[in-house]
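Okay, so here's the structure we're looking at.
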Amino acid sequence: MHRRRHGCRKAVSKPAEARMAGLDAMAGAWYQSHTVHEPGQRVRVRHTFRGVIQGVGFRPTVYRCALKLGLTGFVRNQRSQVVAELEGPPEGVAEFPALLARTLPSAARIDVLETEALPPTGECAFRILESSPDVFRFPPIPPDLALCRECAAELLDPRDRRYLYPFITCTQCGPRYSIVERTPFDRETTSMADFRQCPECLHEYSDPGDRRFHSQTNSCPACGPRLALTAAAGRPLPGDPVLLAIQALTRGGVVALQGIGGFHLAADPRAAEAVRRLRRDKDRERKPFALMASDLEEAERLCRLEPGDAELLTSPASPILIRPFSPAAPAHLAAVSNTGTLGVMLPYTPLHLLLFRHPGAPAAFRHLIMTSGNLKGEPIITDPGEARSRLGEVADLFLTHDRRILFRTDDSVLRLGPDRLPVLLRRSRGYVPGLVTLRQPVERVTLGLGGDLKNAPALARGTDVYLAPFIGDLEEPVTRAAFEQQVRRMLSLYAVQAEVLVHDLHPGYFSTQAAAGIPAALKIGVQHHHAHALAVMAEHGLRQALALAFDGTGYGTDGTIWGGEFLSVDRRSFRRHGCFRPFPLPGGEAAVLHPIRIALALLAGHLHRLEVERVFCREGRLSAAETELLLEMIEKKLNCPATSSLGRVFDAAAALLGLVDRVAYEGEGPIRLEGLALREPGAEQPLAGEESELAALVPLLGSESGVFHLDPAPLLLELATGESVRAAAQGASALRFHRAVAVAARAGARELRRRTGWEALVLSGGVFQNVLLLRLLLPALRADGFQVYTHRVLPPGDGCLAVGQVYFQPDL
Ligand SMILES: [Zn+2]
Ligand SMILES: [Zn+2]
């Protein structure tokens, strides 16, 4: 950890300086115009701060600065801001911003500082006031914060009273959101209420000079949570739980580990038997596992990091970052991921750090598989008893604790797009609750239920939107129960009732049906891709925009499956101007799981019968009988729902290139297709002279309804019959496919603008998890003069839907 922190120091110094410079500049401008004072005079100012300033030790820092400068007044949270009034000699008041900037806690960030003069009141002390209640906003809850540098040092310092204490925290680190029961955030409203602080801890808590002043999670070995190590039967095993867990991992065992927001399954990837068991018992045949690296150097050894990645990995959010394998990565990682990329994170709790650095048992591993503790399709498990009963087959040992997890959070997963913009694949720990602030408020308390895939509901009041963490797909009863619990708990967390309830239009969605059982004065369905577009618009405060909404599945207003949509959108309505040309999905969901069927459906009308057999019946893709049956289904329109989904076109391309036969996890084909394309030389070169040639592969056609169609069939035909059938040309074909799709999307965007005259363009939908597509498309659209908006704090997949739903403006 020392090495890790040392490694990141250089990376974080720049933003820290920027934070200070910005703060000085913000306050400096004000003081320059207010500097004439009588000798001995007292002045009073009010500073209003916005940024990451609540639950990160900001108010105690303000308190200490005021005391040091001999100032009186108060500091308090006010809605999402912090207000400080300071009174005293002019020099002290003027020096305050610079002192605050120098001592700002590492997890804090000031985005805006407003300063105004007030008449002095003669106040004779400085106080931290309780938060002022406000009915129009949500009281703030901080996100869970990764172990900080100071606590990591104390954890490994034999002279410290918290030496090797696996629950060490301070105002800068530890669980927050995952342990909260109700608001405002306080020890008594979290599961830390189960533990009464000992006199020593209480002294730290009460001492303004201590870095644990007002730390709501403060505890120590004498008074805090405790670890236990058990087998599946539940009997605690004698001995040091951490040392025994390390020994089990070293021997090649699987340990279920209770973390901040749920359980992990940990194993050494060199232990073939453990990996086999994780794959069998979690029913994860090929899906990549996330890795936890012992420190930054190890992460760098495993994958190719770019400038700025170190800062992200060591940030308080501490996400899983997806990066290409490094050439130095050990060969055994092939068992972890077959996509060419690796999801890597660093130890973010004291317990994780001890697994790698416990002095009593030098670990024989420098990285561990650290995958969510759940069964396939189910939410991450949070309760020790449930973990033992449900994960008893896969895990040998259970390392658990008695600090109750109240809100489940998974590890957040992200990639980086063009300009290092984050592309959130899973938004959870470290990013929730992270309120989205709207420019225009919603008129009523509004609950958005999201969709059935990657579900995450949202709640809006005034200008605040709270988006719950990723829950999962609402297919299994356990996940559906977790969804219903989350909805109940988010309403009780903020003690509100939903006045407006928004759901997807899909009549078969569980989330749509659940709307009937939730009380609300007004219930509305919002179209899936409209909600996608609205989600980006909510982030950027847009009232209207053009939208490219590309994903796998969304219920259309005509009852067909949409997913390659070119729309114009405002907060009340949308218009569908164009889409990828609809095609049949033989067998519906069956085609999604066996995507060569999609390719057949797309190409059936373009190939002679003999060619169909030559392309589709080789290498055991489809039998002659299957092909016959599928062609008949397509011809007679039997169980062949129509779709305009671009996600399905990616599936078909991956199947034609032989990358995936039966899909083992969602997105497997597109992920492997992108991975292959990214490894080609010049993959990210801007679109240029090739454009007209590629445009012919996805022609833009008119239609009777006035909705334009982009037809992907010629592109897939080239993949099916051209060079790409030879493995050597696979990568080139995968890249050509991406470039042609980008050219088509650009052509559609231009057509949207021609029809509307608008230039603001939003991008949303699961297809935009594809970073290569973003890197090709974004510069091209900007060069065309569009103002392009992408998600910044929300995931482009269906996890953003609920925010779009609450941004919809109903007629009240
Ligand atoms: Zn700390
Ligand atoms: Zn204590």
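Residue numbers start at 1 in each chain; chains themselves are named A, B, ... in the order of the structure tokens; ligands are numbered from 1 in the order shown.
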
Do you have, as a tab-separated table, the list of residues of region 621-656 of chain A lying at most 9 Å from region 706-726 of chain A, each with its nearest atom pair and that distance in Å to one decimal, counting only C-alpha atoms and ordered by chain then number?
residue	atom	partner	partner_atom	distance
A:Val649	CA	A:Pro712	CA	7.5
A:Ala652	CA	A:Leu716	CA	7.9
A:Ala653	CA	A:Leu716	CA	6.5
A:Leu656	CA	A:Ala720	CA	5.9

Take the residues from that selection and write them out as a PDB file, in the first residue's frame, keeping N, CA, C and O atoms.
ATOM      1  N   VAL A 649     -27.408  -6.376 -34.565  1.00  0.00           N
ATOM      2  CA  VAL A 649     -26.547  -6.383 -35.750  1.00  0.00           C
ATOM      3  C   VAL A 649     -25.102  -6.696 -35.339  1.00  0.00           C
ATOM      4  O   VAL A 649     -24.400  -7.459 -36.011  1.00  0.00           O
ATOM      5  N   ALA A 652     -24.903 -10.367 -34.763  1.00  0.00           N
ATOM      6  CA  ALA A 652     -24.839 -11.104 -36.024  1.00  0.00           C
ATOM      7  C   ALA A 652     -23.426 -11.060 -36.603  1.00  0.00           C
ATOM      8  O   ALA A 652     -22.908 -12.066 -37.094  1.00  0.00           O
ATOM      9  N   ALA A 653     -22.800  -9.873 -36.526  1.00  0.00           N
ATOM     10  CA  ALA A 653     -21.448  -9.738 -37.068  1.00  0.00           C
ATOM     11  C   ALA A 653     -20.474 -10.642 -36.316  1.00  0.00           C
ATOM     12  O   ALA A 653     -19.624 -11.316 -36.911  1.00  0.00           O
ATOM     13  N   LEU A 656     -20.982 -14.184 -37.439  1.00  0.00           N
ATOM     14  CA  LEU A 656     -20.452 -14.443 -38.783  1.00  0.00           C
ATOM     15  C   LEU A 656     -18.937 -14.560 -38.780  1.00  0.00           C
ATOM     16  O   LEU A 656     -18.358 -15.286 -39.590  1.00  0.00           O
TER      17      LEU A 656
END

Within 10 Å of region 494-503 of chain A, counting only C-alpha atoms, which residues qualify if same-chain residues fewer than 6 places away don't, as a short mmCIF file (atom, residue, chain, number, x, y, z; two decimals) with N, CA and C atoms, in the first residue's frame?
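This went into result.cif:
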data_model
loop_
_atom_site.label_atom_id
_atom_site.label_comp_id
_atom_site.auth_asym_id
_atom_site.auth_seq_id
_atom_site.Cartn_x
_atom_site.Cartn_y
_atom_site.Cartn_z
N VAL A 135 -37.53 20.72 2.51
CA VAL A 135 -38.47 19.74 1.97
C VAL A 135 -38.32 19.54 0.47
N ARG A 137 -35.37 19.20 -1.25
CA ARG A 137 -34.16 18.51 -1.68
C ARG A 137 -33.99 17.26 -0.84
N PHE A 138 -33.12 16.37 -1.29
CA PHE A 138 -32.78 15.20 -0.50
C PHE A 138 -31.60 15.53 0.41
N PRO A 139 -31.66 15.11 1.68
CA PRO A 139 -30.48 15.28 2.52
C PRO A 139 -29.34 14.44 1.94
N PRO A 140 -28.12 14.97 1.96
CA PRO A 140 -27.02 14.26 1.30
C PRO A 140 -26.56 13.03 2.06
N GLU A 181 -29.44 3.88 7.13
CA GLU A 181 -30.81 3.42 7.32
C GLU A 181 -31.81 4.51 6.97
N ARG A 182 -31.54 5.73 7.42
CA ARG A 182 -32.38 6.87 7.10
C ARG A 182 -31.51 8.11 7.12
N THR A 183 -32.09 9.26 6.74
CA THR A 183 -31.32 10.50 6.70
C THR A 183 -31.76 11.40 7.84
N PRO A 184 -30.95 12.40 8.24
CA PRO A 184 -29.61 12.72 7.74
C PRO A 184 -28.57 11.70 8.17
N GLU A 443 -41.84 18.86 -10.94
CA GLU A 443 -42.88 19.54 -10.17
C GLU A 443 -43.37 18.69 -9.00
N ARG A 444 -43.34 17.36 -9.14
CA ARG A 444 -43.81 16.48 -8.08
C ARG A 444 -42.73 15.44 -7.77
N VAL A 445 -42.82 14.85 -6.59
CA VAL A 445 -41.92 13.75 -6.25
C VAL A 445 -42.18 12.62 -7.25
N THR A 446 -41.15 12.24 -8.00
CA THR A 446 -41.32 11.30 -9.11
C THR A 446 -40.42 10.10 -8.94
N LEU A 447 -41.03 8.92 -9.08
CA LEU A 447 -40.28 7.66 -8.99
C LEU A 447 -40.21 7.04 -10.37
N GLY A 448 -39.01 6.76 -10.85
CA GLY A 448 -38.82 6.07 -12.12
C GLY A 448 -38.39 4.65 -11.83
N LEU A 449 -39.06 3.67 -12.43
CA LEU A 449 -38.77 2.28 -12.10
C LEU A 449 -37.69 1.66 -12.97
N GLY A 450 -37.27 2.36 -14.05
CA GLY A 450 -36.26 1.79 -14.93
C GLY A 450 -36.83 0.71 -15.82
N GLY A 451 -35.96 -0.14 -16.36
CA GLY A 451 -36.39 -1.25 -17.21
C GLY A 451 -36.07 -2.57 -16.53
N PRO A 457 -33.72 1.80 -10.08
CA PRO A 457 -34.77 2.82 -10.01
C PRO A 457 -34.23 4.17 -9.57
N ALA A 458 -35.00 5.23 -9.82
CA ALA A 458 -34.56 6.59 -9.46
C ALA A 458 -35.71 7.35 -8.82
N LEU A 459 -35.33 8.31 -7.97
CA LEU A 459 -36.31 9.12 -7.26
C LEU A 459 -35.91 10.58 -7.42
N ALA A 460 -36.89 11.44 -7.80
CA ALA A 460 -36.58 12.86 -8.01
C ALA A 460 -37.48 13.74 -7.16
N ARG A 461 -36.86 14.75 -6.58
CA ARG A 461 -37.63 15.77 -5.88
C ARG A 461 -36.92 17.11 -6.13
N ARG A 488 -38.95 0.33 -1.96
CA ARG A 488 -39.49 0.65 -0.63
C ARG A 488 -38.48 1.43 0.19
N TYR A 509 -42.65 -6.36 -19.11
CA TYR A 509 -41.61 -6.09 -18.11
C TYR A 509 -42.17 -6.26 -16.70
N SER A 511 -40.97 -4.70 -14.20
CA SER A 511 -41.00 -3.35 -13.62
C SER A 511 -42.28 -2.62 -14.03
N THR A 512 -42.79 -2.88 -15.24
CA THR A 512 -44.04 -2.25 -15.67
C THR A 512 -45.20 -2.78 -14.84
N GLN A 513 -45.21 -4.11 -14.66
CA GLN A 513 -46.30 -4.72 -13.89
C GLN A 513 -46.25 -4.30 -12.42
N ALA A 514 -45.02 -4.11 -11.90
CA ALA A 514 -44.88 -3.73 -10.49
C ALA A 514 -45.49 -2.36 -10.23
N ALA A 515 -45.56 -1.53 -11.27
CA ALA A 515 -46.10 -0.17 -11.10
C ALA A 515 -47.52 -0.21 -10.54
N ALA A 516 -48.27 -1.26 -10.89
CA ALA A 516 -49.66 -1.36 -10.43
C ALA A 516 -49.74 -1.43 -8.91
N ILE A 518 -47.65 -0.02 -6.68
CA ILE A 518 -47.02 1.08 -5.94
C ILE A 518 -47.95 2.29 -5.98
N PRO A 519 -48.33 2.82 -4.81
CA PRO A 519 -49.27 3.94 -4.82
C PRO A 519 -48.65 5.21 -5.40
N ALA A 520 -49.40 5.88 -6.28
CA ALA A 520 -48.99 7.18 -6.83
C ALA A 520 -50.21 7.78 -7.52
N ALA A 521 -50.31 9.10 -7.48
CA ALA A 521 -51.48 9.76 -8.07
C ALA A 521 -51.50 9.61 -9.58
N LEU A 522 -50.31 9.60 -10.18
CA LEU A 522 -50.23 9.58 -11.64
C LEU A 522 -49.21 8.53 -12.06
N LYS A 523 -49.59 7.64 -12.99
CA LYS A 523 -48.67 6.62 -13.49
C LYS A 523 -48.56 6.75 -15.00
N ILE A 524 -47.31 6.79 -15.49
CA ILE A 524 -47.08 7.05 -16.90
C ILE A 524 -46.07 6.06 -17.45
N GLY A 525 -46.27 5.64 -18.69
CA GLY A 525 -45.26 4.85 -19.39
C GLY A 525 -44.48 5.76 -20.33
N VAL A 526 -43.16 5.63 -20.32
CA VAL A 526 -42.31 6.41 -21.23
C VAL A 526 -41.55 5.44 -22.12
N GLN A 527 -41.50 5.74 -23.42
CA GLN A 527 -40.84 4.83 -24.36
C GLN A 527 -39.35 4.70 -24.01
N HIS A 528 -38.86 3.49 -24.17
CA HIS A 528 -37.50 3.11 -23.77
C HIS A 528 -36.41 4.06 -24.31
N ALA A 531 -36.58 7.57 -23.08
CA ALA A 531 -35.98 7.66 -21.74
C ALA A 531 -34.45 7.69 -21.82
N LEU A 801 -31.94 4.44 -17.49
CA LEU A 801 -33.33 4.69 -17.93
C LEU A 801 -34.16 5.45 -16.91
N ALA A 802 -34.04 5.07 -15.63
CA ALA A 802 -34.92 5.66 -14.62
C ALA A 802 -34.71 7.17 -14.50
N GLY A 804 -33.90 9.15 -17.01
CA GLY A 804 -34.66 9.68 -18.14
C GLY A 804 -36.15 9.68 -17.86
N GLN A 805 -36.61 8.63 -17.20
CA GLN A 805 -38.05 8.54 -16.89
C GLN A 805 -38.50 9.68 -15.96
N VAL A 806 -37.70 9.98 -14.94
CA VAL A 806 -38.13 11.04 -14.02
C VAL A 806 -37.97 12.43 -14.65
N TYR A 807 -37.13 12.52 -15.70
CA TYR A 807 -36.95 13.81 -16.38
C TYR A 807 -38.10 14.09 -17.35
N PHE A 808 -38.83 13.03 -17.71
CA PHE A 808 -40.01 13.20 -18.57
C PHE A 808 -40.97 14.17 -17.87
N PRO A 810 -44.61 15.22 -17.38
CA PRO A 810 -46.00 14.87 -17.66
C PRO A 810 -46.89 16.11 -17.62
N LEU A 812 -49.54 17.85 -15.87
CA LEU A 812 -50.11 17.70 -14.51
C LEU A 812 -51.42 18.48 -14.40
#

Per-residue nearest contacts of chain A to ligand 1 (10 Å; only C-alpha atoms and all ligand atoms) as a Markdown table:
| residue | atom | partner | partner_atom_place_in_ligand_line | distance |
| --- | --- | --- | --- | --- |
| A:Ser106 | CA | ligand 1 | 1 (Zn) | 9.9 |
| A:Ala107 | CA | ligand 1 | 1 (Zn) | 9.8 |
| A:Leu145 | CA | ligand 1 | 1 (Zn) | 8.7 |
| A:Ala146 | CA | ligand 1 | 1 (Zn) | 8.2 |
| A:Leu147 | CA | ligand 1 | 1 (Zn) | 5.6 |
| A:Cys148 | CA | ligand 1 | 1 (Zn) | 4.3 |
| A:Arg149 | CA | ligand 1 | 1 (Zn) | 6.7 |
| A:Glu150 | CA | ligand 1 | 1 (Zn) | 5.8 |
| A:Cys151 | CA | ligand 1 | 1 (Zn) | 4.3 |
| A:Ala152 | CA | ligand 1 | 1 (Zn) | 7.3 |
| A:Ala153 | CA | ligand 1 | 1 (Zn) | 9.4 |
| A:Glu154 | CA | ligand 1 | 1 (Zn) | 9.1 |
| A:Leu155 | CA | ligand 1 | 1 (Zn) | 9.8 |
| A:Ile168 | CA | ligand 1 | 1 (Zn) | 7.1 |
| A:Thr169 | CA | ligand 1 | 1 (Zn) | 4.6 |
| A:Cys170 | CA | ligand 1 | 1 (Zn) | 4.0 |
| A:Thr171 | CA | ligand 1 | 1 (Zn) | 6.3 |
| A:Gln172 | CA | ligand 1 | 1 (Zn) | 4.9 |
| A:Cys173 | CA | ligand 1 | 1 (Zn) | 4.3 |
| A:Gly174 | CA | ligand 1 | 1 (Zn) | 6.8 |
| A:Arg211 | CA | ligand 1 | 1 (Zn) | 8.7 |
| A:Arg212 | CA | ligand 1 | 1 (Zn) | 8.5 |
| A:Ser215 | CA | ligand 1 | 1 (Zn) | 9.6 |
| A:Asn218 | CA | ligand 1 | 1 (Zn) | 9.8 |
| A:Thr349 | CA | ligand 1 | 1 (Zn) | 10.0 |
| A:Pro350 | CA | ligand 1 | 1 (Zn) | 9.7 |

Residues from the last selection, C-alpha atoms, saved as a compact mmCIF listing (two decimals), in the first residue's frame:
# COMPACT_ATOMS: atom_id res chain seq x y z
CA SER A 106 -8.35 14.53 0.18
CA ALA A 107 -11.86 13.26 -0.56
CA LEU A 145 -15.07 5.76 0.29
CA ALA A 146 -11.96 3.65 -0.29
CA LEU A 147 -9.38 3.26 2.50
CA CYS A 148 -7.36 6.48 2.74
CA ARG A 149 -3.60 6.82 2.85
CA GLU A 150 -3.43 7.79 6.54
CA CYS A 151 -5.62 4.90 7.67
CA ALA A 152 -3.63 2.47 5.50
CA ALA A 153 -0.44 3.64 7.22
CA GLU A 154 -1.96 3.27 10.69
CA LEU A 155 -3.29 -0.19 9.80
CA ILE A 168 -10.22 1.27 10.53
CA THR A 169 -11.91 4.39 9.08
CA CYS A 170 -11.81 8.16 9.39
CA THR A 171 -13.66 11.19 7.99
CA GLN A 172 -11.96 10.50 4.65
CA CYS A 173 -12.72 6.81 4.24
CA GLY A 174 -14.96 3.89 5.05
CA ARG A 211 -8.61 13.71 12.17
CA ARG A 212 -11.47 11.53 13.43
CA SER A 215 -16.20 10.62 12.09
CA ASN A 218 -15.24 5.74 14.19
CA THR A 349 -11.00 -1.79 2.39
CA PRO A 350 -8.59 -2.50 5.25

Could I get the residue neighbourhood of ligand 2 at 12 Å, counting only C-alpha atoms and all ligand atoms, as a short mmCIF file (atom, residue, chain, number, x, y, z; two decimals) with N, CA, C and O atoms, in the first residue's frame?
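After the write, part.cif holds the following:
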data_model
loop_
_atom_site.label_atom_id
_atom_site.label_comp_id
_atom_site.auth_asym_id
_atom_site.auth_seq_id
_atom_site.Cartn_x
_atom_site.Cartn_y
_atom_site.Cartn_z
N ARG A 161 -2.83 2.04 17.74
CA ARG A 161 -3.80 1.23 18.48
C ARG A 161 -4.78 0.52 17.54
O ARG A 161 -5.53 -0.35 17.95
N ARG A 162 -4.78 0.89 16.26
CA ARG A 162 -5.63 0.19 15.28
C ARG A 162 -4.78 -0.70 14.36
O ARG A 162 -5.20 -1.05 13.26
N TYR A 165 -6.31 -3.59 12.45
CA TYR A 165 -7.76 -3.55 12.73
C TYR A 165 -8.52 -3.42 11.40
O TYR A 165 -8.43 -2.37 10.74
N PHE A 167 -11.36 -2.70 10.42
CA PHE A 167 -12.47 -1.77 10.23
C PHE A 167 -12.03 -0.33 10.48
O PHE A 167 -12.84 0.53 10.81
N ILE A 168 -10.74 -0.08 10.32
CA ILE A 168 -10.22 1.27 10.53
C ILE A 168 -10.87 2.21 9.50
O ILE A 168 -11.00 1.87 8.32
N THR A 169 -11.32 3.37 9.96
CA THR A 169 -11.91 4.39 9.08
C THR A 169 -11.57 5.77 9.64
O THR A 169 -11.05 5.89 10.75
N PHE A 195 -22.73 -0.22 17.50
CA PHE A 195 -21.46 -0.21 18.24
C PHE A 195 -21.31 1.11 18.98
O PHE A 195 -21.35 2.17 18.38
N ARG A 196 -21.14 1.02 20.29
CA ARG A 196 -20.98 2.23 21.10
C ARG A 196 -19.49 2.55 21.20
O ARG A 196 -18.68 1.67 21.50
N GLN A 197 -19.13 3.79 20.94
CA GLN A 197 -17.71 4.16 20.95
C GLN A 197 -17.13 4.04 22.37
O GLN A 197 -17.76 4.48 23.33
N CYS A 198 -15.92 3.49 22.47
CA CYS A 198 -15.21 3.42 23.74
C CYS A 198 -14.71 4.84 24.10
O CYS A 198 -14.73 5.73 23.25
N PRO A 199 -14.28 5.06 25.35
CA PRO A 199 -13.85 6.42 25.73
C PRO A 199 -12.77 6.98 24.81
O PRO A 199 -12.80 8.16 24.46
N GLU A 200 -11.83 6.14 24.41
CA GLU A 200 -10.74 6.63 23.56
C GLU A 200 -11.26 7.09 22.20
O GLU A 200 -10.87 8.13 21.66
N CYS A 201 -12.16 6.29 21.60
CA CYS A 201 -12.74 6.65 20.31
C CYS A 201 -13.59 7.92 20.45
O CYS A 201 -13.55 8.81 19.60
N LEU A 202 -14.34 7.98 21.56
CA LEU A 202 -15.21 9.13 21.79
C LEU A 202 -14.38 10.40 21.92
O LEU A 202 -14.80 11.48 21.47
N HIS A 203 -13.19 10.26 22.53
CA HIS A 203 -12.31 11.42 22.67
C HIS A 203 -11.89 11.93 21.28
O HIS A 203 -11.93 13.13 21.01
N GLU A 204 -11.52 11.01 20.39
CA GLU A 204 -11.14 11.42 19.02
C GLU A 204 -12.33 12.10 18.33
O GLU A 204 -12.17 13.12 17.64
N TYR A 205 -13.48 11.50 18.52
CA TYR A 205 -14.69 11.98 17.87
C TYR A 205 -15.02 13.42 18.29
O TYR A 205 -15.55 14.20 17.51
N ARG A 212 -10.22 12.29 13.34
CA ARG A 212 -11.47 11.53 13.43
C ARG A 212 -12.58 12.32 14.12
O ARG A 212 -13.58 11.77 14.53
N THR A 217 -18.21 6.80 11.52
CA THR A 217 -17.92 5.36 11.49
C THR A 217 -16.77 5.01 12.44
O THR A 217 -16.23 3.91 12.38
N ASN A 218 -16.41 5.94 13.34
CA ASN A 218 -15.24 5.74 14.19
C ASN A 218 -15.40 4.50 15.08
O ASN A 218 -16.44 4.28 15.69
N SER A 219 -14.35 3.68 15.13
CA SER A 219 -14.36 2.50 16.01
C SER A 219 -12.93 2.00 16.15
O SER A 219 -12.02 2.50 15.47
N CYS A 220 -12.73 1.03 17.04
CA CYS A 220 -11.40 0.46 17.24
C CYS A 220 -11.58 -0.99 17.67
O CYS A 220 -12.71 -1.45 17.83
N PRO A 221 -10.47 -1.73 17.86
CA PRO A 221 -10.63 -3.15 18.23
C PRO A 221 -11.43 -3.33 19.51
O PRO A 221 -12.07 -4.37 19.71
N ALA A 222 -11.43 -2.32 20.40
CA ALA A 222 -12.13 -2.46 21.67
C ALA A 222 -13.65 -2.30 21.53
O ALA A 222 -14.41 -2.86 22.31
N CYS A 223 -14.07 -1.52 20.54
CA CYS A 223 -15.49 -1.17 20.52
C CYS A 223 -16.18 -1.42 19.19
O CYS A 223 -17.39 -1.23 19.08
N GLY A 224 -15.46 -1.81 18.16
CA GLY A 224 -16.05 -1.83 16.83
C GLY A 224 -16.47 -3.20 16.34
O GLY A 224 -16.52 -4.17 17.11
N PRO A 225 -16.79 -3.30 15.06
CA PRO A 225 -17.19 -4.57 14.44
C PRO A 225 -16.09 -5.62 14.54
O PRO A 225 -14.92 -5.28 14.71
#

(request) Go through A:Val762, A:Ala780, A:Leu399, A:Ala290 one by one, measure the shortest atom-to-atom distance of each to Ala747 (chain A) using only C-alpha atoms, and give the residue with the smallest value. (result)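 Nearest candidate to Ala747 (chain A) out of A:Val762, A:Ala780, A:Leu399, A:Ala290: A:Ala780.
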
(message) I need the residues of region 90-123 of chain A that end up classed as helix (DSSP H, G or I) by DSSP on the backbone, written out as a PyMOL selection string.
(response) chain A and resi 90-103

(request) For Leu71 (chain A), work out the shell of residues within 12 Å, counting only C-alpha atoms and skipping chain neighbours fewer than 5 positions away, then give it as an MDAnalysis selection string. (result) chainID A and resid 42:45 62:66 84:96 120 122:127

(request) Taking the DSSP assignment computed from this structure's backbone, write out as a VMD selection string all residues of region 125-171 of chain A that belong to strand (DSSP E or B). (result) chain A and resid 126 to 128 132 145 170

(request) Compile the contact shell of Ile128 (chain A) as JSON, numbers by chain: residues with an atom at most 10 Å away, counting only C-alpha atoms, same-chain residues fewer than 3 positions apart removed. (result) {"A": [59, 60, 62, 63, 73, 74, 75, 76, 77, 84, 131]}

(request) For CA of Leu375 (chain A) and CA of Glu285 (chain A), quote the distance in Å rounded to one decimal. (result)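 Those two atoms sit 12.8 Å apart.
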
(request) Give me the residues within 7 Å of region 675-679 of chain A as a PyMOL selection string, counting only C-alpha atoms and dropping any in the same chain fewer than 2 places off. (result) chain A and resi 339-340+671-673+681+683+731-732+734-735+772

(request) Rank nothing, just name the residue among A:Val336, A:Leu313, A:Met537, A:Ala272 nearest to Phe289 (chain A), using only C-alpha atoms. (result)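 Of A:Val336, A:Leu313, A:Met537, A:Ala272, the one nearest Phe289 (chain A) is A:Val336, counting only C-alpha atoms.
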
(request) Write out as an MDAnalysis selection string each polymer residue whose atoms come within 6 Å of Leu397 (chain A), counting only C-alpha atoms; drop sequence neighbours fewer than 2 positions from it. (result) chainID A and resid 230:231 255 395

(request) Tell me which of A:Arg270, A:Arg357, A:His606, A:Lys376 sits closest to Ala664 (chain A), counting only C-alpha atoms. (result)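 Among A:Arg270, A:Arg357, A:His606, A:Lys376, it is A:Lys376 that comes nearest to Ala664 (chain A).
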
(request) Please measure the separation of CA of Glu475 (chain A) and CA of Ala256 (chain A), giving the value in Å to one decimal. (result) 24.5 Å

(request) Work out how far CA of His214 (chain A) is from CA of Glu188 (chain A), in Å to one decimal. (result)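 Here the two named atoms are 12.6 Å from each other.
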
(request) Please provide the set of residues having any atom within 10 Å of Ile260 (chain A), restricted to only C-alpha atoms, with same-chain residues fewer than 4 positions apart removed, written as a ChimeraX atom specification. (result) /A:144-146,174-179,264,348-349,351,382,403-405,407-411,429

I need the residues from that last selection saved to file as a CSV table (one decimal), in the first residue's frame (with C-alpha atoms), if you can.
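Generated output (again.csv):
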chain,number,residue,atom,x,y,z
A,144,ASP,CA,-18.7,4.6,0.2
A,145,LEU,CA,-15.1,5.8,0.3
A,146,ALA,CA,-12.0,3.6,-0.3
A,174,GLY,CA,-15.0,3.9,5.1
A,175,PRO,CA,-18.5,2.8,4.4
A,176,ARG,CA,-21.3,5.4,4.1
A,177,TYR,CA,-24.1,4.7,1.7
A,178,SER,CA,-24.1,1.0,2.2
A,179,ILE,CA,-24.7,1.3,6.0
A,264,HIS,CA,-16.9,-11.2,-3.0
A,348,TYR,CA,-10.2,-0.5,-1.1
A,349,THR,CA,-11.0,-1.8,2.4
A,351,LEU,CA,-9.6,-6.2,5.0
A,382,THR,CA,-25.1,-9.0,1.7
A,403,ARG,CA,-21.4,-4.5,10.6
A,404,ARG,CA,-24.7,-4.9,8.8
A,405,ILE,CA,-24.9,-4.0,5.1
A,407,PHE,CA,-27.9,-1.0,0.9
A,408,ARG,CA,-26.2,-3.5,-1.4
A,409,THR,CA,-23.5,-2.2,-3.7
A,410,ASP,CA,-21.4,-4.0,-6.2
A,411,ASP,CA,-18.1,-2.8,-7.4
A,429,ARG,CA,-20.1,1.5,-5.0
